[in-house]
Each structure stands twice: as C-alpha cells, then as structure tokens.
Amino acid sequence: SRYISENGWNRHNIAAGLRTYSLSPPGKPIELTSSEIRKLCASAKSNSYNGERDYAILQTLLQCGLRLNEICRLLIRDLTLKGTKPHIRVEASKQGYGRSVPLNATVKRALNQYLKVRGETSGQAPLFLSTQNKPISAKTIQYLIKKHFCAIGRPELSVNDIRQHYALSLFDQSGGDLSAVQQLMGHRNIVTTARYVRLSQRDMGDVLEKVGKG
C-alpha cells in the first residue's frame with residue numbers, strides 16, 4: 001500500500017527475524033487411569049525373579065518421565081535418596097538437557113527396595129542390571145514394559161506413552177506451566193513439550209506469548 005511504501009517497509013522482510021513453529025494437530029491424549037496404573041504396578045511386582053527391578057523401573061518412568069535411553073544410562077551415583085531433596089541426576093545428551101528430577105515418596109521407596117535386593121555396589125555401577133548382571137538394554141526395558149501393558153489389556157501402549165502420561169499429569173498439577181514441564185522433561189524446545197501435552201495451535205500461541213513476556 002501507499003502507507004507501507006512511504007515508510008519503506010516494502011524494502012525488507014519484516015518477518016525475517018521472527019522464529020517460526022510447526023505444530024501437529026492435537027491428537028487424543030494418552031489416558032492411564034489410576035486403576036490401570038495400580039494393575040500395571042502389580043504386574044511388574046508379580047515377576048518373582050526381577051519384580052523389584054521391574055517395579056523400580058516402572059516407577060522411575062511413571063514418576064520421573066525419563067527417556068528410555070536415560071533410564072539405561074543411570075548409574076547408582078546419579079541417585080540421591082537421603083536428605084530433604086531426593087532426586088535423580090540425568091546427564092545431558094543429544095536428545096535433551098541434563099537436569100535434576102525430584103523423587104517423590106513412591107519412587108524413592110521403590111528404588112530403595114530394589115537396591116536392597118540388588119546388593120551394595122559402587123556408585124560407578126549401572127543402576128539397572130539385566131539377568132546376566134550387565135547394564136540393562138533399551139530393548140529389554142521395552143519388552144518388559146510391553147509385557148506389563150499386555151497384562152492389563154493395553155497392548156497398544158509403550159514406554160514413550162508413559163512419558164507422555166507423565167507430561168500430561170505434570171502439566172495439570174502445575175496449573176498449565178509448560179515451562180516447568182519442559183524443564184523436567186529435558187526438552188530443548190518448548191514446542192516439543194507442547195506436542196506432548198497436545199496443545200492446540202491457539203493454546204500454543206498463548207503459551208509463547210507468556211514466555212515472551214518473561
């Protein structure tokens with residue numbers, strides 16, 4: 001228009017400095033009921049040989065929202081179970097930032113019980129071991145979680161669905177604080193967090209507006 005031309009705004013791209021985001025349409029959130037979670041935990045405990053280990057892995061996924069590869073890389077030294085602020089220290093990786101994830105009473109109790117069965121060992125040792133006494137593999141964790149999901153009639157779910165369940169629960173409990181969810185999930189980009197909690201384009205715009213205002 002004449003007004004734009006007179007002000008010289010047609011000489012450069014006024015959107016050049018803007019960051020763009022691409023969001024997939026929100027899908028149906030993963031829903032795990034309290035009853036299903038209780039059944040899932042009971043299934044993990046029912047393994048007479050590795051029940052304490054399986055239950056501790058499951059609770060770490062449910063209560064901390066760690067990625068599959070983060071669970072596999074955990075060392076005993078990454079746990080702080082004593083004191084007023086128990087937590088798991090997660091190392092940074094190509095997939096996400098390093099972070100400290102608080103431990104609630106449920107997962108703390110599960111980890112303590114597992115360590116009693118596992119026996120004393122050095123802090124440099126892997127936290128979770130296979131039946132061959134080697135660091136547990138991602139494939140093994142995927143298999144055991146799938147097995148327990150099948151046992152409760154939810155064979156379509158996987159490890160990553162537990163992580164999404166964690167994100168959704170945390171988002172609700174924090175009153176919709178997406179930045180807090182991003183920090184505990186270890187996401188480098190807040191848009192990734194938005195996908196996990198299934199925000200719509202409109203809701204995401206509102207969130208980015210708040211983030212921009214600090």
# chains A, B, ... in the order shown; residues from 1 in each chain; ligands from 1
call {"tool": "residues_around", "arguments": {"residues": "A:Glu91", "least_positions_apart": "3", "cutoff": "9 Å", "atoms": "only C-alpha atoms", "output": "VMD selection string"}}
result
chain A and resid 70 73 to 74 78 96 to 100
call {"tool": "atom_distance", "arguments": {"atom1": "atom CA of A:Ala44", "atom2": "atom CA of A:Leu58"}}
result
7.6 Å
call {"tool": "closest_atom_pairs", "arguments": {"of": "stretch 33-103 of chain A", "to": "stretch 123-140 of chain A", "cutoff": "8 Å", "atoms": "only C-alpha atoms", "output": "tab-separated table"}}
result
residue	atom	partner	partner_atom	distance
A:Arg53	CA	A:Phe128	CA	7.1
A:Ile57	CA	A:Phe128	CA	7.9
A:Leu68	CA	A:Ala138	CA	6.3
A:Asn69	CA	A:Ala138	CA	6.4
A:Cys72	CA	A:Ile136	CA	6.0
A:Arg73	CA	A:Pro126	CA	7.0
A:Leu74	CA	A:Leu127	CA	5.6
A:Leu75	CA	A:Pro126	CA	4.3
A:Ile76	CA	A:Gly123	CA	4.8
A:Arg77	CA	A:Gly123	CA	4.2
A:Asp78	CA	A:Gly123	CA	7.9
call {"tool": "closest_residue", "arguments": {"among": "A:Arg89, A:Ala151, A:Leu103, A:Gly175", "to": "A:Ser46", "atoms": "only C-alpha atoms"}}
result
A:Ala151
call {"tool": "residues_around", "arguments": {"residues": "stretch 155-170 of chain A", "least_positions_apart": "5", "cutoff": "7 Å", "atoms": "only C-alpha atoms", "output": "list in words"}}
result
Ile30, Glu31, Leu61, Leu62, Gln63, Gly65, Leu66, Gln142, Ile145, Lys146, Phe149, Cys150, Val181, Tyr196 and Val197 of chain A
call {"tool": "atom_distance", "arguments": {"atom1": "atom CA of A:Gly83", "atom2": "atom CA of A:Arg118"}}
result
21.8 Å
call {"tool": "atom_distance", "arguments": {"atom1": "atom CA of A:Gly153", "atom2": "atom CA of A:Gln173"}}
result
27.1 Å
call {"tool": "decode", "arguments": {"residues": "stretch 123-143 of chain A", "atoms": "N, CA and C atoms", "output": "PDB file, in the first residue's frame"}}
result
ATOM      1  N   GLY A 123      29.259 -46.540  43.334  1.00  0.00           N
ATOM      2  CA  GLY A 123      28.454 -45.521  42.673  1.00  0.00           C
ATOM      3  C   GLY A 123      28.637 -45.477  41.179  1.00  0.00           C
ATOM      4  N   GLN A 124      29.751 -46.019  40.683  1.00  0.00           N
ATOM      5  CA  GLN A 124      30.019 -46.013  39.251  1.00  0.00           C
ATOM      6  C   GLN A 124      29.242 -47.097  38.510  1.00  0.00           C
ATOM      7  N   ALA A 125      28.629 -47.998  39.241  1.00  0.00           N
ATOM      8  CA  ALA A 125      27.937 -49.132  38.619  1.00  0.00           C
ATOM      9  C   ALA A 125      26.604 -48.707  38.026  1.00  0.00           C
ATOM     10  N   PRO A 126      26.175 -49.378  36.951  1.00  0.00           N
ATOM     11  CA  PRO A 126      24.854 -49.098  36.369  1.00  0.00           C
ATOM     12  C   PRO A 126      23.762 -49.360  37.401  1.00  0.00           C
ATOM     13  N   LEU A 127      22.728 -48.559  37.383  1.00  0.00           N
ATOM     14  CA  LEU A 127      21.651 -48.721  38.359  1.00  0.00           C
ATOM     15  C   LEU A 127      20.845 -49.983  38.082  1.00  0.00           C
ATOM     16  N   PHE A 128      20.416 -50.151  36.839  1.00  0.00           N
ATOM     17  CA  PHE A 128      19.572 -51.291  36.499  1.00  0.00           C
ATOM     18  C   PHE A 128      20.364 -52.326  35.700  1.00  0.00           C
ATOM     19  N   LEU A 129      20.279 -53.580  36.145  1.00  0.00           N
ATOM     20  CA  LEU A 129      21.033 -54.664  35.526  1.00  0.00           C
ATOM     21  C   LEU A 129      20.118 -55.687  34.873  1.00  0.00           C
ATOM     22  N   SER A 130      20.657 -56.365  33.872  1.00  0.00           N
ATOM     23  CA  SER A 130      19.947 -57.458  33.223  1.00  0.00           C
ATOM     24  C   SER A 130      20.111 -58.731  34.060  1.00  0.00           C
ATOM     25  N   THR A 131      19.484 -59.793  33.629  1.00  0.00           N
ATOM     26  CA  THR A 131      19.622 -61.076  34.330  1.00  0.00           C
ATOM     27  C   THR A 131      21.039 -61.623  34.201  1.00  0.00           C
ATOM     28  N   GLN A 132      21.805 -61.113  33.231  1.00  0.00           N
ATOM     29  CA  GLN A 132      23.206 -61.510  33.066  1.00  0.00           C
ATOM     30  C   GLN A 132      24.155 -60.604  33.845  1.00  0.00           C
ATOM     31  N   ASN A 133      23.562 -59.750  34.699  1.00  0.00           N
ATOM     32  CA  ASN A 133      24.356 -58.846  35.525  1.00  0.00           C
ATOM     33  C   ASN A 133      25.110 -57.804  34.704  1.00  0.00           C
ATOM     34  N   LYS A 134      24.536 -57.449  33.580  1.00  0.00           N
ATOM     35  CA  LYS A 134      25.097 -56.407  32.709  1.00  0.00           C
ATOM     36  C   LYS A 134      24.140 -55.212  32.695  1.00  0.00           C
ATOM     37  N   PRO A 135      24.617 -54.048  32.225  1.00  0.00           N
ATOM     38  CA  PRO A 135      23.708 -52.894  32.133  1.00  0.00           C
ATOM     39  C   PRO A 135      22.476 -53.254  31.314  1.00  0.00           C
ATOM     40  N   ILE A 136      21.308 -52.910  31.808  1.00  0.00           N
ATOM     41  CA  ILE A 136      20.076 -53.270  31.121  1.00  0.00           C
ATOM     42  C   ILE A 136      19.990 -52.526  29.790  1.00  0.00           C
ATOM     43  N   SER A 137      19.459 -53.180  28.787  1.00  0.00           N
ATOM     44  CA  SER A 137      19.374 -52.582  27.451  1.00  0.00           C
ATOM     45  C   SER A 137      18.007 -51.946  27.236  1.00  0.00           C
ATOM     46  N   ALA A 138      17.943 -51.049  26.264  1.00  0.00           N
ATOM     47  CA  ALA A 138      16.675 -50.414  25.901  1.00  0.00           C
ATOM     48  C   ALA A 138      15.675 -51.465  25.428  1.00  0.00           C
ATOM     49  N   LYS A 139      16.167 -52.436  24.687  1.00  0.00           N
ATOM     50  CA  LYS A 139      15.292 -53.495  24.173  1.00  0.00           C
ATOM     51  C   LYS A 139      14.638 -54.279  25.310  1.00  0.00           C
ATOM     52  N   THR A 140      15.410 -54.555  26.358  1.00  0.00           N
ATOM     53  CA  THR A 140      14.874 -55.302  27.497  1.00  0.00           C
ATOM     54  C   THR A 140      13.784 -54.502  28.206  1.00  0.00           C
ATOM     55  N   ILE A 141      14.024 -53.198  28.404  1.00  0.00           N
ATOM     56  CA  ILE A 141      13.030 -52.357  29.064  1.00  0.00           C
ATOM     57  C   ILE A 141      11.766 -52.254  28.217  1.00  0.00           C
ATOM     58  N   GLN A 142      11.945 -52.086  26.904  1.00  0.00           N
ATOM     59  CA  GLN A 142      10.784 -52.026  26.011  1.00  0.00           C
ATOM     60  C   GLN A 142       9.958 -53.307  26.109  1.00  0.00           C
ATOM     61  N   TYR A 143      10.657 -54.429  26.155  1.00  0.00           N
ATOM     62  CA  TYR A 143       9.975 -55.721  26.225  1.00  0.00           C
ATOM     63  C   TYR A 143       9.195 -55.867  27.532  1.00  0.00           C
TER      64      TYR A 143
END
